[in-house]
file entry.json (JSON, C-alpha atoms)
[["chain", "number", "residue", "atom", "x", "y", "z"],
["E", 1, "MET", "CA", -20.34, 12.10, -14.29],
["E", 2, "LYS", "CA", -16.70, 11.81, -15.38],
["E", 3, "ALA", "CA", -14.55, 8.70, -14.92],
["E", 4, "VAL", "CA", -11.28, 7.23, -16.15],
["E", 5, "VAL", "CA", -12.31, 4.42, -18.51],
["E", 6, "VAL", "CA", -10.08, 1.59, -19.72],
["E", 7, "GLU", "CA", -11.54, 0.39, -23.04],
["E", 8, "SER", "CA", -8.53, -1.67, -24.16],
["E", 9, "TYR", "CA", -5.34, -2.80, -22.47],
["E", 10, "ASP", "CA", -2.91, -0.13, -23.57],
["E", 11, "SER", "CA", -0.29, 2.32, -22.36],
["E", 12, "ILE", "CA", -1.29, 4.98, -19.85],
["E", 13, "ASP", "CA", -1.48, 7.51, -22.70],
["E", 14, "GLY", "CA", -4.21, 5.41, -24.33],
["E", 15, "ILE", "CA", -6.60, 5.80, -21.38],
["E", 16, "ALA", "CA", -8.97, 8.76, -21.17],
["E", 17, "ILE", "CA", -11.57, 10.47, -19.00],
["E", 18, "LYS", "CA", -15.08, 9.78, -20.33],
["E", 19, "GLU", "CA", -18.60, 10.88, -19.49],
["E", 20, "VAL", "CA", -20.48, 7.91, -17.95],
["E", 21, "SER", "CA", -23.78, 7.37, -16.17],
["E", 22, "LEU", "CA", -24.12, 8.13, -12.47],
["E", 23, "PRO", "CA", -24.19, 4.76, -10.65],
["E", 24, "GLY", "CA", -27.48, 3.71, -9.12],
["E", 25, "ILE", "CA", -28.07, 2.25, -5.66],
["E", 26, "SER", "CA", -29.37, -1.23, -4.82],
["E", 27, "ALA", "CA", -30.13, -2.80, -1.45],
["E", 28, "GLY", "CA", -27.24, -2.60, 0.99],
["E", 29, "GLU", "CA", -25.32, -0.05, -1.07],
["E", 30, "VAL", "CA", -23.95, 3.45, -0.58],
["E", 31, "ARG", "CA", -23.05, 6.02, -3.22],
["E", 32, "VAL", "CA", -20.00, 8.16, -2.44],
["E", 33, "LYS", "CA", -18.92, 11.44, -3.99],
["E", 34, "ILE", "CA", -15.17, 10.89, -4.23],
["E", 35, "GLY", "CA", -12.78, 13.52, -2.89],
["E", 36, "ALA", "CA", -9.53, 11.65, -3.46],
["E", 37, "ALA", "CA", -8.41, 8.29, -4.83],
["E", 38, "ALA", "CA", -5.11, 6.45, -4.68],
["E", 39, "VAL", "CA", -3.02, 4.94, -7.47],
["E", 40, "GLY", "CA", -0.84, 1.99, -6.53],
["E", 41, "PHE", "CA", 1.51, -0.39, -8.31],
["E", 42, "VAL", "CA", -1.27, -2.92, -8.92],
["E", 43, "ASP", "CA", -3.46, -0.24, -10.52],
["E", 44, "GLY", "CA", -0.68, 0.47, -13.01],
["E", 45, "LEU", "CA", -0.47, -3.19, -13.95],
["E", 46, "LYS", "CA", -4.25, -3.57, -14.26],
["E", 47, "VAL", "CA", -4.77, -0.78, -16.77],
["E", 48, "GLN", "CA", -2.15, -2.35, -19.04],
["E", 49, "GLY", "CA", -3.52, -5.89, -18.69],
["E", 50, "LEU", "CA", -0.35, -7.02, -16.92],
["E", 51, "TYR", "CA", -1.85, -8.01, -13.57],
["E", 52, "GLN", "CA", -2.44, -11.69, -12.69],
["E", 53, "THR", "CA", -6.22, -11.16, -13.03],
["E", 54, "LYS", "CA", -7.95, -8.97, -15.60],
["E", 55, "ASP", "CA", -11.02, -6.80, -15.13],
["E", 56, "PRO", "CA", -13.60, -7.23, -17.93],
["E", 57, "LEU", "CA", -13.40, -4.38, -20.43],
["E", 58, "PRO", "CA", -14.41, -1.61, -20.26],
["E", 59, "PHE", "CA", -13.72, -0.79, -16.61],
["E", 60, "VAL", "CA", -12.93, 2.13, -14.33],
["E", 61, "PRO", "CA", -9.65, 1.56, -12.44],
["E", 62, "GLY", "CA", -8.89, 2.49, -8.84],
["E", 63, "THR", "CA", -9.36, 0.52, -5.63],
["E", 64, "GLU", "CA", -8.96, 3.03, -2.76],
["E", 65, "PHE", "CA", -10.91, 6.23, -2.20],
["E", 66, "ALA", "CA", -12.14, 8.77, 0.32],
["E", 67, "GLY", "CA", -15.10, 11.08, 0.05],
["E", 68, "VAL", "CA", -18.55, 11.98, 1.32],
["E", 69, "VAL", "CA", -21.67, 9.81, 1.34],
["E", 70, "ASP", "CA", -23.99, 11.04, -1.39],
["E", 71, "ALA", "CA", -26.92, 8.63, -1.01],
["E", 72, "VAL", "CA", -27.77, 5.34, 0.75],
["E", 73, "ALA", "CA", -30.19, 2.47, 0.19],
["E", 74, "ASP", "CA", -33.22, 2.31, 2.48],
["E", 75, "ASP", "CA", -31.81, -0.70, 4.36],
["E", 76, "VAL", "CA", -28.47, 0.96, 5.24],
["E", 77, "GLY", "CA", -28.38, 2.50, 8.71],
["E", 78, "ALA", "CA", -24.67, 2.92, 9.42],
["E", 79, "PHE", "CA", -24.10, 5.73, 6.91],
["E", 80, "LYS", "CA", -25.93, 8.97, 6.16],
["E", 81, "PRO", "CA", -25.51, 11.55, 3.39],
["E", 82, "GLY", "CA", -22.72, 13.99, 4.22],
["E", 83, "MET", "CA", -20.64, 11.53, 6.27],
["E", 84, "PRO", "CA", -16.91, 11.38, 5.40],
["E", 85, "VAL", "CA", -15.83, 7.82, 4.55],
["E", 86, "ILE", "CA", -13.01, 5.78, 3.08],
["E", 87, "GLY", "CA", -13.37, 2.58, 1.13],
["E", 88, "MET", "CA", -11.78, -0.20, -0.88],
["E", 89, "THR", "CA", -13.22, -1.91, -3.94],
["E", 90, "ARG", "CA", -12.06, -4.10, -6.81],
["E", 91, "SER", "CA", -12.28, -1.20, -9.27],
["E", 92, "GLY", "CA", -14.16, 2.02, -9.96],
["E", 93, "ALA", "CA", -12.49, 4.60, -7.70],
["E", 94, "LEU", "CA", -11.15, 6.89, -10.44],
["E", 95, "ALA", "CA", -14.53, 8.50, -10.94],
["E", 96, "GLU", "CA", -16.50, 11.37, -9.49],
["E", 97, "TYR", "CA", -18.96, 8.95, -7.83],
["E", 98, "ILE", "CA", -18.86, 5.28, -6.87],
["E", 99, "THR", "CA", -21.47, 2.88, -5.47],
["E", 100, "VAL", "CA", -20.26, 0.12, -3.15],
["E", 101, "PRO", "CA", -21.70, -2.26, -0.53],
["E", 102, "SER", "CA", -21.84, -0.54, 2.85],
["E", 103, "ALA", "CA", -19.43, -3.18, 4.22],
["E", 104, "ALA", "CA", -16.72, -1.76, 1.93],
["E", 105, "LEU", "CA", -16.78, 1.58, 3.79],
["E", 106, "LYS", "CA", -15.34, 2.88, 7.05],
["E", 107, "HIS", "CA", -16.00, 6.17, 8.78],
["E", 108, "LEU", "CA", -13.17, 8.66, 8.19],
["E", 109, "PRO", "CA", -12.16, 10.60, 11.33],
["E", 110, "ALA", "CA", -13.02, 14.28, 10.91],
["E", 111, "GLN", "CA", -9.42, 15.42, 11.33],
["E", 112, "VAL", "CA", -8.12, 13.21, 8.49],
["E", 113, "ALA", "CA", -8.04, 14.76, 5.02],
["E", 114, "PHE", "CA", -9.39, 12.87, 2.01],
["E", 115, "GLU", "CA", -5.89, 12.60, 0.56],
["E", 116, "ALA", "CA", -4.60, 10.87, 3.69],
["E", 117, "GLY", "CA", -7.70, 8.66, 3.90],
["E", 118, "ALA", "CA", -7.29, 7.47, 0.32],
["E", 119, "SER", "CA", -3.67, 6.51, 0.94],
["E", 120, "PHE", "CA", -4.38, 4.61, 4.15],
["E", 121, "GLN", "CA", -6.13, 1.29, 4.01],
["E", 122, "ALA", "CA", -4.30, -1.02, 1.57],
["E", 123, "ASN", "CA", -0.74, -0.02, 2.39],
["E", 124, "TYR", "CA", -1.15, 0.13, 6.14],
["E", 125, "LEU", "CA", -3.19, -3.05, 6.36],
["E", 126, "THR", "CA", -0.53, -4.83, 4.29],
["E", 127, "GLY", "CA", 2.18, -3.48, 6.57],
["E", 128, "LEU", "CA", 0.45, -4.40, 9.83],
["E", 129, "TYR", "CA", -0.63, -7.85, 8.61],
["E", 130, "ALA", "CA", 2.92, -8.59, 7.47],
["E", 131, "LEU", "CA", 4.70, -7.33, 10.57],
["E", 132, "ASP", "CA", 2.17, -8.48, 13.17],
["E", 133, "ALA", "CA", 0.31, -11.55, 11.91],
["E", 134, "ARG", "CA", 3.05, -13.02, 9.68],
["E", 135, "ALA", "CA", 6.42, -11.99, 11.12],
["E", 136, "ALA", "CA", 5.35, -11.48, 14.77],
["E", 137, "LEU", "CA", 7.74, -8.51, 14.97],
["E", 138, "ARG", "CA", 8.77, -7.85, 18.56],
["E", 139, "ALA", "CA", 9.83, -4.64, 20.26],
["E", 140, "GLY", "CA", 13.60, -4.28, 20.15],
["E", 141, "GLU", "CA", 14.04, -6.32, 16.97],
["E", 142, "THR", "CA", 15.63, -4.87, 13.83],
["E", 143, "LEU", "CA", 13.41, -4.38, 10.78],
["E", 144, "LEU", "CA", 14.90, -3.84, 7.32],
["E", 145, "VAL", "CA", 12.46, -2.22, 4.86],
["E", 146, "LEU", "CA", 13.38, -2.47, 1.19],
["E", 147, "GLY", "CA", 11.88, 0.12, -1.15],
["E", 148, "ALA", "CA", 11.23, 2.16, 1.98],
["E", 149, "ALA", "CA", 10.08, 5.36, 0.25],
["E", 150, "GLY", "CA", 7.23, 3.75, -1.70],
["E", 151, "GLY", "CA", 3.65, 3.68, -0.47],
["E", 152, "VAL", "CA", 3.75, 0.29, 1.24],
["E", 153, "GLY", "CA", 7.40, 0.71, 2.28],
["E", 154, "ILE", "CA", 6.83, 3.95, 4.17],
["E", 155, "ALA", "CA", 3.79, 2.38, 5.84],
["E", 156, "ALA", "CA", 6.04, -0.45, 7.09],
["E", 157, "VAL", "CA", 8.56, 2.09, 8.40],
["E", 158, "GLN", "CA", 5.86, 3.85, 10.43],
["E", 159, "ILE", "CA", 4.23, 0.67, 11.72],
["E", 160, "GLY", "CA", 7.59, -0.86, 12.61],
["E", 161, "ARG", "CA", 8.33, 2.14, 14.80],
["E", 162, "LEU", "CA", 4.89, 1.95, 16.43],
["E", 163, "MET", "CA", 5.59, -1.71, 17.25],
["E", 164, "GLY", "CA", 8.88, -0.81, 18.93],
["E", 165, "ALA", "CA", 11.33, -2.09, 16.33],
["E", 166, "ARG", "CA", 14.56, -0.45, 15.20],
["E", 167, "VAL", "CA", 13.90, 0.40, 11.55],
["E", 168, "ILE", "CA", 16.53, 0.46, 8.82],
["E", 169, "ALA", "CA", 15.21, 1.91, 5.56],
["E", 170, "ALA", "CA", 16.79, 0.84, 2.26],
["E", 171, "ALA", "CA", 16.19, 3.08, -0.75],
["E", 172, "SER", "CA", 17.96, 4.01, -3.97],
["E", 173, "THR", "CA", 18.33, 7.81, -3.83],
["E", 174, "PRO", "CA", 19.28, 10.42, -1.21],
["E", 175, "GLU", "CA", 15.81, 11.99, -1.55],
["E", 176, "LYS", "CA", 14.11, 8.67, -0.83],
["E", 177, "ARG", "CA", 16.36, 7.90, 2.13],
["E", 178, "GLU", "CA", 15.76, 11.36, 3.62],
["E", 179, "PHE", "CA", 12.02, 10.84, 3.14],
["E", 180, "ALA", "CA", 12.16, 7.52, 5.04],
["E", 181, "ALA", "CA", 14.22, 9.06, 7.84],
["E", 182, "ARG", "CA", 11.74, 11.93, 8.13],
["E", 183, "HIS", "CA", 8.94, 9.43, 8.68],
["E", 184, "GLY", "CA", 10.61, 7.37, 11.38],
["E", 185, "ALA", "CA", 13.52, 5.28, 10.05],
["E", 186, "ASP", "CA", 16.37, 5.02, 12.58],
["E", 187, "ALA", "CA", 18.98, 4.47, 9.86],
["E", 188, "THR", "CA", 19.11, 4.30, 6.06],
["E", 189, "ILE", "CA", 21.03, 2.32, 3.43],
["E", 190, "ASP", "CA", 21.69, 2.85, -0.27],
["E", 191, "TYR", "CA", 21.06, -0.64, -1.67],
["E", 192, "THR", "CA", 22.40, 0.32, -5.10],
["E", 193, "LYS", "CA", 25.95, 0.29, -3.72],
["E", 194, "ALA", "CA", 28.00, -2.89, -4.12],
["E", 195, "ASP", "CA", 28.97, -2.96, -0.42],
["E", 196, "TRP", "CA", 25.51, -2.22, 1.03],
["E", 197, "ARG", "CA", 25.47, -5.54, 2.89],
["E", 198, "ASP", "CA", 28.64, -4.49, 4.73],
["E", 199, "THR", "CA", 26.85, -1.33, 5.84],
["E", 200, "LEU", "CA", 23.88, -3.40, 6.99],
["E", 201, "LYS", "CA", 26.18, -5.72, 8.93],
["E", 202, "ALA", "CA", 27.78, -2.75, 10.68],
["E", 203, "LEU", "CA", 24.42, -1.19, 11.51],
["E", 204, "THR", "CA", 23.21, -4.43, 13.11],
["E", 205, "GLY", "CA", 26.44, -5.23, 14.94],
["E", 206, "GLY", "CA", 26.92, -8.33, 12.80],
["E", 207, "HIS", "CA", 23.53, -9.71, 13.82],
["E", 208, "GLY", "CA", 21.59, -8.94, 10.63],
["E", 209, "PRO", "CA", 17.93, -7.84, 10.42],
["E", 210, "ASP", "CA", 15.40, -9.95, 12.32],
["E", 211, "VAL", "CA", 12.66, -9.10, 9.82],
["E", 212, "ILE", "CA", 12.93, -8.03, 6.17],
["E", 213, "PHE", "CA", 9.95, -6.28, 4.58],
["E", 214, "ASP", "CA", 10.35, -6.75, 0.83],
["E", 215, "PRO", "CA", 8.08, -5.18, -1.82],
["E", 216, "VAL", "CA", 10.98, -5.05, -4.29],
["E", 217, "GLY", "CA", 12.11, -8.57, -5.22],
["E", 218, "GLY", "CA", 14.89, -9.05, -7.75],
["E", 219, "GLU", "CA", 18.58, -9.34, -6.86],
["E", 220, "VAL", "CA", 18.32, -7.01, -3.86],
["E", 221, "ALA", "CA", 15.89, -9.46, -2.22],
["E", 222, "LEU", "CA", 18.36, -12.33, -2.60],
["E", 223, "GLN", "CA", 21.18, -10.25, -1.17],
["E", 224, "ALA", "CA", 19.01, -9.14, 1.74],
["E", 225, "PHE", "CA", 18.13, -12.73, 2.63],
["E", 226, "ARG", "CA", 21.84, -13.59, 2.70],
["E", 227, "SER", "CA", 22.22, -11.00, 5.48],
["E", 228, "ILE", "CA", 19.20, -12.06, 7.57],
["E", 229, "ALA", "CA", 19.60, -12.83, 11.28],
["E", 230, "TRP", "CA", 19.35, -16.36, 12.65],
["E", 231, "ARG", "CA", 15.65, -17.27, 12.75],
["E", 232, "GLY", "CA", 14.91, -14.15, 10.73],
["E", 233, "ARG", "CA", 11.69, -13.69, 8.75],
["E", 234, "HIS", "CA", 11.67, -12.40, 5.17],
["E", 235, "LEU", "CA", 8.28, -10.98, 4.12],
["E", 236, "VAL", "CA", 7.46, -11.24, 0.40],
["E", 237, "ILE", "CA", 5.17, -8.29, -0.41],
["E", 238, "GLY", "CA", 5.66, -7.84, -4.15],
["E", 239, "PHE", "CA", 8.09, -7.40, -7.02],
["E", 240, "ALA", "CA", 8.38, -3.71, -7.86],
["E", 241, "SER", "CA", 11.75, -4.40, -9.48],
["E", 242, "GLY", "CA", 9.93, -6.40, -12.15],
["E", 243, "THR", "CA", 11.89, -9.57, -11.39],
["E", 244, "ILE", "CA", 10.72, -12.48, -9.24],
["E", 245, "PRO", "CA", 13.80, -13.92, -7.49],
["E", 246, "ALA", "CA", 14.55, -17.62, -7.12],
["E", 247, "LEU", "CA", 15.93, -18.53, -3.70],
["E", 248, "ALA", "CA", 18.19, -21.55, -3.25],
["E", 249, "PHE", "CA", 16.71, -23.73, -0.49],
["E", 250, "ASN", "CA", 20.06, -24.12, 1.26],
["E", 251, "LEU", "CA", 19.93, -20.45, 2.33],
["E", 252, "PRO", "CA", 16.87, -20.77, 4.62],
["E", 253, "LEU", "CA", 18.50, -23.92, 6.01],
["E", 254, "LEU", "CA", 21.81, -22.22, 6.79],
["E", 255, "LYS", "CA", 20.14, -19.09, 8.16],
["E", 256, "GLY", "CA", 17.35, -20.83, 10.07],
["E", 257, "GLY", "CA", 15.24, -18.29, 8.23],
["E", 258, "ALA", "CA", 11.64, -18.20, 7.05],
["E", 259, "LEU", "CA", 10.18, -16.88, 3.80],
["E", 260, "LEU", "CA", 6.65, -15.56, 4.41],
["E", 261, "GLY", "CA", 4.17, -14.52, 1.73],
["E", 262, "VAL", "CA", 1.80, -11.58, 2.20],
["E", 263, "ASP", "CA", -1.26, -11.22, -0.07],
["E", 264, "LEU", "CA", -3.66, -8.46, 0.94],
["E", 265, "ALA", "CA", -6.39, -9.78, -1.38],
["E", 266, "GLN", "CA", -6.80, -13.00, 0.63],
["E", 267, "ILE", "CA", -6.65, -11.77, 4.23],
["E", 268, "GLN", "CA", -10.33, -10.96, 4.79],
["E", 269, "LYS", "CA", -11.56, -14.20, 3.21],
["E", 270, "ARG", "CA", -9.05, -16.58, 4.79],
["E", 271, "GLU", "CA", -8.43, -14.88, 8.15],
["E", 272, "PRO", "CA", -11.53, -12.80, 8.96],
["E", 273, "GLU", "CA", -10.83, -12.54, 12.69],
["E", 274, "THR", "CA", -7.27, -11.39, 12.10],
["E", 275, "HIS", "CA", -8.48, -8.94, 9.46],
["E", 276, "ALA", "CA", -11.03, -7.44, 11.87],
["E", 277, "ARG", "CA", -8.45, -7.15, 14.66],
["E", 278, "LEU", "CA", -5.90, -5.41, 12.45],
["E", 279, "ILE", "CA", -8.45, -3.01, 10.94],
["E", 280, "ALA", "CA", -9.57, -2.07, 14.47],
["E", 281, "GLN", "CA", -5.96, -1.44, 15.48],
["E", 282, "LEU", "CA", -5.26, 0.70, 12.42],
["E", 283, "PHE", "CA", -8.35, 2.86, 12.86],
["E", 284, "ASP", "CA", -7.60, 3.28, 16.57],
["E", 285, "TRP", "CA", -4.11, 4.57, 15.66],
["E", 286, "LEU", "CA", -5.63, 6.79, 12.96],
["E", 287, "ALA", "CA", -8.29, 8.31, 15.23],
["E", 288, "SER", "CA", -5.82, 8.89, 18.09],
["E", 289, "GLY", "CA", -3.25, 10.53, 15.82],
["E", 290, "LYS", "CA", -0.57, 7.95, 16.59],
["E", 291, "LEU", "CA", -0.51, 7.03, 12.91],
["E", 292, "LYS", "CA", -0.59, 9.74, 10.25],
["E", 293, "PRO", "CA", -0.81, 8.31, 6.72],
["E", 294, "VAL", "CA", 1.88, 9.60, 4.40],
["E", 295, "VAL", "CA", 0.49, 11.38, 1.37],
["E", 296, "GLY", "CA", 2.70, 11.32, -1.69],
["E", 297, "LYS", "CA", 2.33, 13.44, -4.80],
["E", 298, "VAL", "CA", -1.20, 14.82, -5.27],
["E", 299, "VAL", "CA", -2.41, 15.50, -8.81],
["E", 300, "PRO", "CA", -5.78, 16.81, -10.03],
["E", 301, "PHE", "CA", -8.20, 14.38, -11.65],
["E", 302, "GLU", "CA", -7.64, 15.72, -15.15],
["E", 303, "ASN", "CA", -3.91, 14.96, -14.82],
["E", 304, "PHE", "CA", -4.42, 11.36, -13.65],
["E", 305, "ARG", "CA", -1.80, 10.03, -16.11],
["E", 306, "ASP", "CA", 0.92, 11.87, -14.16],
["E", 307, "ALA", "CA", 0.16, 9.77, -11.09],
["E", 308, "PHE", "CA", 0.45, 6.51, -13.04],
["E", 309, "LYS", "CA", 3.68, 7.56, -14.76],
["E", 310, "THR", "CA", 5.35, 8.74, -11.56],
["E", 311, "MET", "CA", 4.44, 5.51, -9.81],
["E", 312, "GLN", "CA", 5.59, 3.30, -12.70],
["E", 313, "SER", "CA", 8.92, 5.11, -12.92],
["E", 314, "ARG", "CA", 9.51, 4.22, -9.24],
["E", 315, "ALA", "CA", 10.06, 7.92, -8.53],
["E", 316, "ALA", "CA", 7.10, 8.16, -6.13],
["E", 317, "LEU", "CA", 7.55, 9.13, -2.51],
["E", 318, "GLY", "CA", 4.62, 7.59, -0.66],
["E", 319, "LYS", "CA", 1.34, 6.78, -2.39],
["E", 320, "MET", "CA", 0.21, 8.67, -5.48],
["E", 321, "ILE", "CA", -3.09, 10.51, -4.93],
["E", 322, "ILE", "CA", -5.63, 11.87, -7.42],
["E", 323, "LYS", "CA", -7.72, 14.73, -6.07],
["E", 324, "PHE", "CA", -11.18, 15.56, -7.35],
["E", 325, "GLY", "CA", -12.44, 19.13, -7.59]]

call {"tool": "encode", "arguments": {"input": "entry.json", "output": "structure tokens"}}
result
Amino acid sequence: MKAVVVESYDSIDGIAIKEVSLPGISAGEVRVKIGAAAVGFVDGLKVQGLYQTKDPLPFVPGTEFAGVVDAVADDVGAFKPGMPVIGMTRSGALAEYITVPSAALKHLPAQVAFEAGASFQANYLTGLYALDARAALRAGETLLVLGAAGGVGIAAVQIGRLMGARVIAAASTPEKREFAARHGADATIDYTKADWRDTLKALTGGHGPDVIFDPVGGEVALQAFRSIAWRGRHLVIGFASGTIPALAFNLPLLKGGALLGVDLAQIQKREPETHARLIAQLFDWLASGKLKPVVGKVVPFENFRDAFKTMQSRAALGKMIIKFG
């Protein structure tokens, strides 16, 4: 089978598709023929050796995928060949086939395309965990989403609306702001403008946002916190700007505000009951059609580098998807 193989930490251009062995199946495992896989910000860091943890070389990148069950171990009863599924794994999704423990898979509703399934789990679980379990967002509150047109940002926009919040989407270009508005934002802001905080103040009637969803970091994060409402909650999702901000402790004191970290990698281990509840909620929304995952640019497997480059340039609208033939 063919797979993207990282043999040394290099630029995206230094990574190639290779012929590798079809993965076998051990007890408790399922082999999936992949229909689509997602490329996120973390994937881009991993292939260059820039992420906080490194996969042993060589490795196949990719953590999210959707496809059809190809084969199952004798002790697996929940999945059968031909079933559509989605899954998450540490690595290995940018390949024609992947073998994972059955616990890593979920049934994909028949009406959901592989591209939507592959873009679903990480971003939407991050968004719901942040807004529900961490910030306790309430109906009627104002949610400010920074980087609102990215994969995790647009998920927060959609989930915020489902939870009854008024959503203000902050993004850097007219195209990105229109994209966020199309997917549920009540208002938008250009945070590249010097007076964007004045616009935010006007939009909130001087109150400020009750919750800030921040996958961006950098200077815009500091400025956003300065505008937060009394007893507001600022959710730290990531640092797509490339800069980790340093917040003066007097600001949370003066604002009565809280800075809340969100790390998807630790949720299932540290909060298994919360993780199970949120996953159930997400898949209920997915099956009922209340939540329709946003699919960004879709590229064929052989053009996988385009997905990485678009994502790294911060030009992506939604999550980048690689489609297999």

call {"tool": "residues_around", "arguments": {"input": "entry.json", "residues": "Gly44 (chain E)", "least_positions_apart": "3", "cutoff": "8 Å", "atoms": "only C-alpha atoms", "output": "PyMOL selection string"}}
result
chain E and resi 39-41+47-48+308+311-312

call {"tool": "atom_distance", "arguments": {"input": "entry.json", "atom1": "CA of Phe283 (chain E)", "atom2": "CA of Pro109 (chain E)"}}
result
8.8 Å

call {"tool": "closest_atom_pairs", "arguments": {"input": "entry.json", "of": "region 156-243 of chain E", "to": "region 256-273 of chain E", "cutoff": "12 Å", "atoms": "only C-alpha atoms", "output": "JSON lines"}}
result
{"residue": "E:Gly208", "atom": "CA", "partner": "E:Gly257", "partner_atom": "CA", "distance": 11.6}
{"residue": "E:Pro209", "atom": "CA", "partner": "E:Gly257", "partner_atom": "CA", "distance": 11.0}
{"residue": "E:Asp210", "atom": "CA", "partner": "E:Gly257", "partner_atom": "CA", "distance": 9.3}
{"residue": "E:Val211", "atom": "CA", "partner": "E:Ala258", "partner_atom": "CA", "distance": 9.6}
{"residue": "E:Ile212", "atom": "CA", "partner": "E:Leu259", "partner_atom": "CA", "distance": 9.6}
{"residue": "E:Phe213", "atom": "CA", "partner": "E:Leu260", "partner_atom": "CA", "distance": 9.9}
{"residue": "E:Asp214", "atom": "CA", "partner": "E:Val262", "partner_atom": "CA", "distance": 9.9}
{"residue": "E:Pro215", "atom": "CA", "partner": "E:Val262", "partner_atom": "CA", "distance": 9.8}
{"residue": "E:Ala221", "atom": "CA", "partner": "E:Leu259", "partner_atom": "CA", "distance": 11.1}
{"residue": "E:Leu222", "atom": "CA", "partner": "E:Leu259", "partner_atom": "CA", "distance": 11.3}
{"residue": "E:Ala224", "atom": "CA", "partner": "E:Gly257", "partner_atom": "CA", "distance": 11.8}
{"residue": "E:Phe225", "atom": "CA", "partner": "E:Gly257", "partner_atom": "CA", "distance": 8.4}
{"residue": "E:Arg226", "atom": "CA", "partner": "E:Gly257", "partner_atom": "CA", "distance": 9.8}
{"residue": "E:Ser227", "atom": "CA", "partner": "E:Gly257", "partner_atom": "CA", "distance": 10.5}
{"residue": "E:Ile228", "atom": "CA", "partner": "E:Gly257", "partner_atom": "CA", "distance": 7.4}
{"residue": "E:Ala229", "atom": "CA", "partner": "E:Gly257", "partner_atom": "CA", "distance": 7.6}
{"residue": "E:Trp230", "atom": "CA", "partner": "E:Gly256", "partner_atom": "CA", "distance": 5.5}
{"residue": "E:Arg231", "atom": "CA", "partner": "E:Gly257", "partner_atom": "CA", "distance": 4.7}
{"residue": "E:Gly232", "atom": "CA", "partner": "E:Gly257", "partner_atom": "CA", "distance": 4.8}
{"residue": "E:Arg233", "atom": "CA", "partner": "E:Ala258", "partner_atom": "CA", "distance": 4.8}
{"residue": "E:His234", "atom": "CA", "partner": "E:Leu259", "partner_atom": "CA", "distance": 4.9}
{"residue": "E:Leu235", "atom": "CA", "partner": "E:Leu260", "partner_atom": "CA", "distance": 4.9}
{"residue": "E:Val236", "atom": "CA", "partner": "E:Gly261", "partner_atom": "CA", "distance": 4.8}
{"residue": "E:Ile237", "atom": "CA", "partner": "E:Val262", "partner_atom": "CA", "distance": 5.4}
{"residue": "E:Gly238", "atom": "CA", "partner": "E:Val262", "partner_atom": "CA", "distance": 8.3}
{"residue": "E:Phe239", "atom": "CA", "partner": "E:Val262", "partner_atom": "CA", "distance": 11.9}

call {"tool": "atom_distance", "arguments": {"input": "entry.json", "atom1": "CA of Val32 (chain E)", "atom2": "CA of Ala156 (chain E)"}}
result
29.0 Å

call {"tool": "closest_residue", "arguments": {"input": "entry.json", "among": "E:Asp284, E:Asp198, E:Asp306, E:Glu219", "to": "Asp13 (chain E)", "atoms": "only C-alpha atoms"}}
result
E:Asp306

call {"tool": "closest_residue", "arguments": {"input": "entry.json", "among": "E:Tyr51, E:Phe79, E:Tyr191, E:Tyr124", "to": "Gly160 (chain E)", "atoms": "all atoms listed in the file"}}
result
E:Tyr124

call {"tool": "atom_distance", "arguments": {"input": "entry.json", "atom1": "CA of Arg90 (chain E)", "atom2": "CA of Ile244 (chain E)"}}
result
24.4 Å

call {"tool": "closest_residue", "arguments": {"input": "entry.json", "among": "E:Tyr9, E:Phe120, E:Phe249, E:Phe301", "to": "Gly318 (chain E)", "atoms": "all atoms listed in the file"}}
result
E:Phe120

call {"tool": "closest_residue", "arguments": {"input": "entry.json", "among": "E:Pro245, E:Gly325, E:Gly150, E:Gly289", "to": "Gly67 (chain E)", "atoms": "only C-alpha atoms"}}
result
E:Gly325

call {"tool": "residues_around", "arguments": {"input": "entry.json", "residues": "Leu286 (chain E)", "least_positions_apart": "4", "cutoff": "12 Å", "atoms": "all atoms listed in the file", "output": "list in words"}}
result
His107, Leu108, Pro109, Ala110, Gln111, Val112, Ala113, Ala116, Gly117, Phe120, Gln121, Tyr124, Ile159, Ile279, Ala280, Gln281, Leu282, Lys290, Leu291, Lys292, Pro293 and Val294 of chain E

call {"tool": "residues_around", "arguments": {"input": "entry.json", "residues": "Gly28 (chain E)", "least_positions_apart": "3", "cutoff": "9 Å", "atoms": "only C-alpha atoms", "output": "PyMOL selection string"}}
result
chain E and resi 25+72-76+100-103

call {"tool": "residues_around", "arguments": {"input": "entry.json", "residues": "Ala165 (chain E)", "least_positions_apart": "4", "cutoff": "6 Å", "atoms": "all atoms listed in the file", "output": "ChimeraX atom specification"}}
result
/E:139-142,160-161

call {"tool": "write_last_selection", "arguments": {"input": "entry.json", "atoms": "C-alpha atoms", "output": "compact mmCIF listing (two decimals), in the coordinates of the input"}}
result
# COMPACT_ATOMS: atom_id res chain seq x y z
CA ALA E 139 9.83 -4.64 20.26
CA GLY E 140 13.60 -4.28 20.15
CA GLU E 141 14.04 -6.32 16.97
CA THR E 142 15.63 -4.87 13.83
CA GLY E 160 7.59 -0.86 12.61
CA ARG E 161 8.33 2.14 14.80

call {"tool": "closest_residue", "arguments": {"input": "entry.json", "among": "E:Arg31, E:Ala307, E:Gly218, E:Ala122", "to": "Ile12 (chain E)", "atoms": "all atoms listed in the file"}}
result
E:Ala307

call {"tool": "closest_residue", "arguments": {"input": "entry.json", "among": "E:Ala133, E:Val4, E:Leu317, E:Ile322", "to": "Val299 (chain E)", "atoms": "only C-alpha atoms"}}
result
E:Ile322

call {"tool": "residues_around", "arguments": {"input": "entry.json", "residues": "region 81-87 of chain E", "least_positions_apart": "2", "cutoff": "6 Å", "atoms": "all atoms listed in the file", "output": "ChimeraX atom specification"}}
result
/E:64-71,104-108
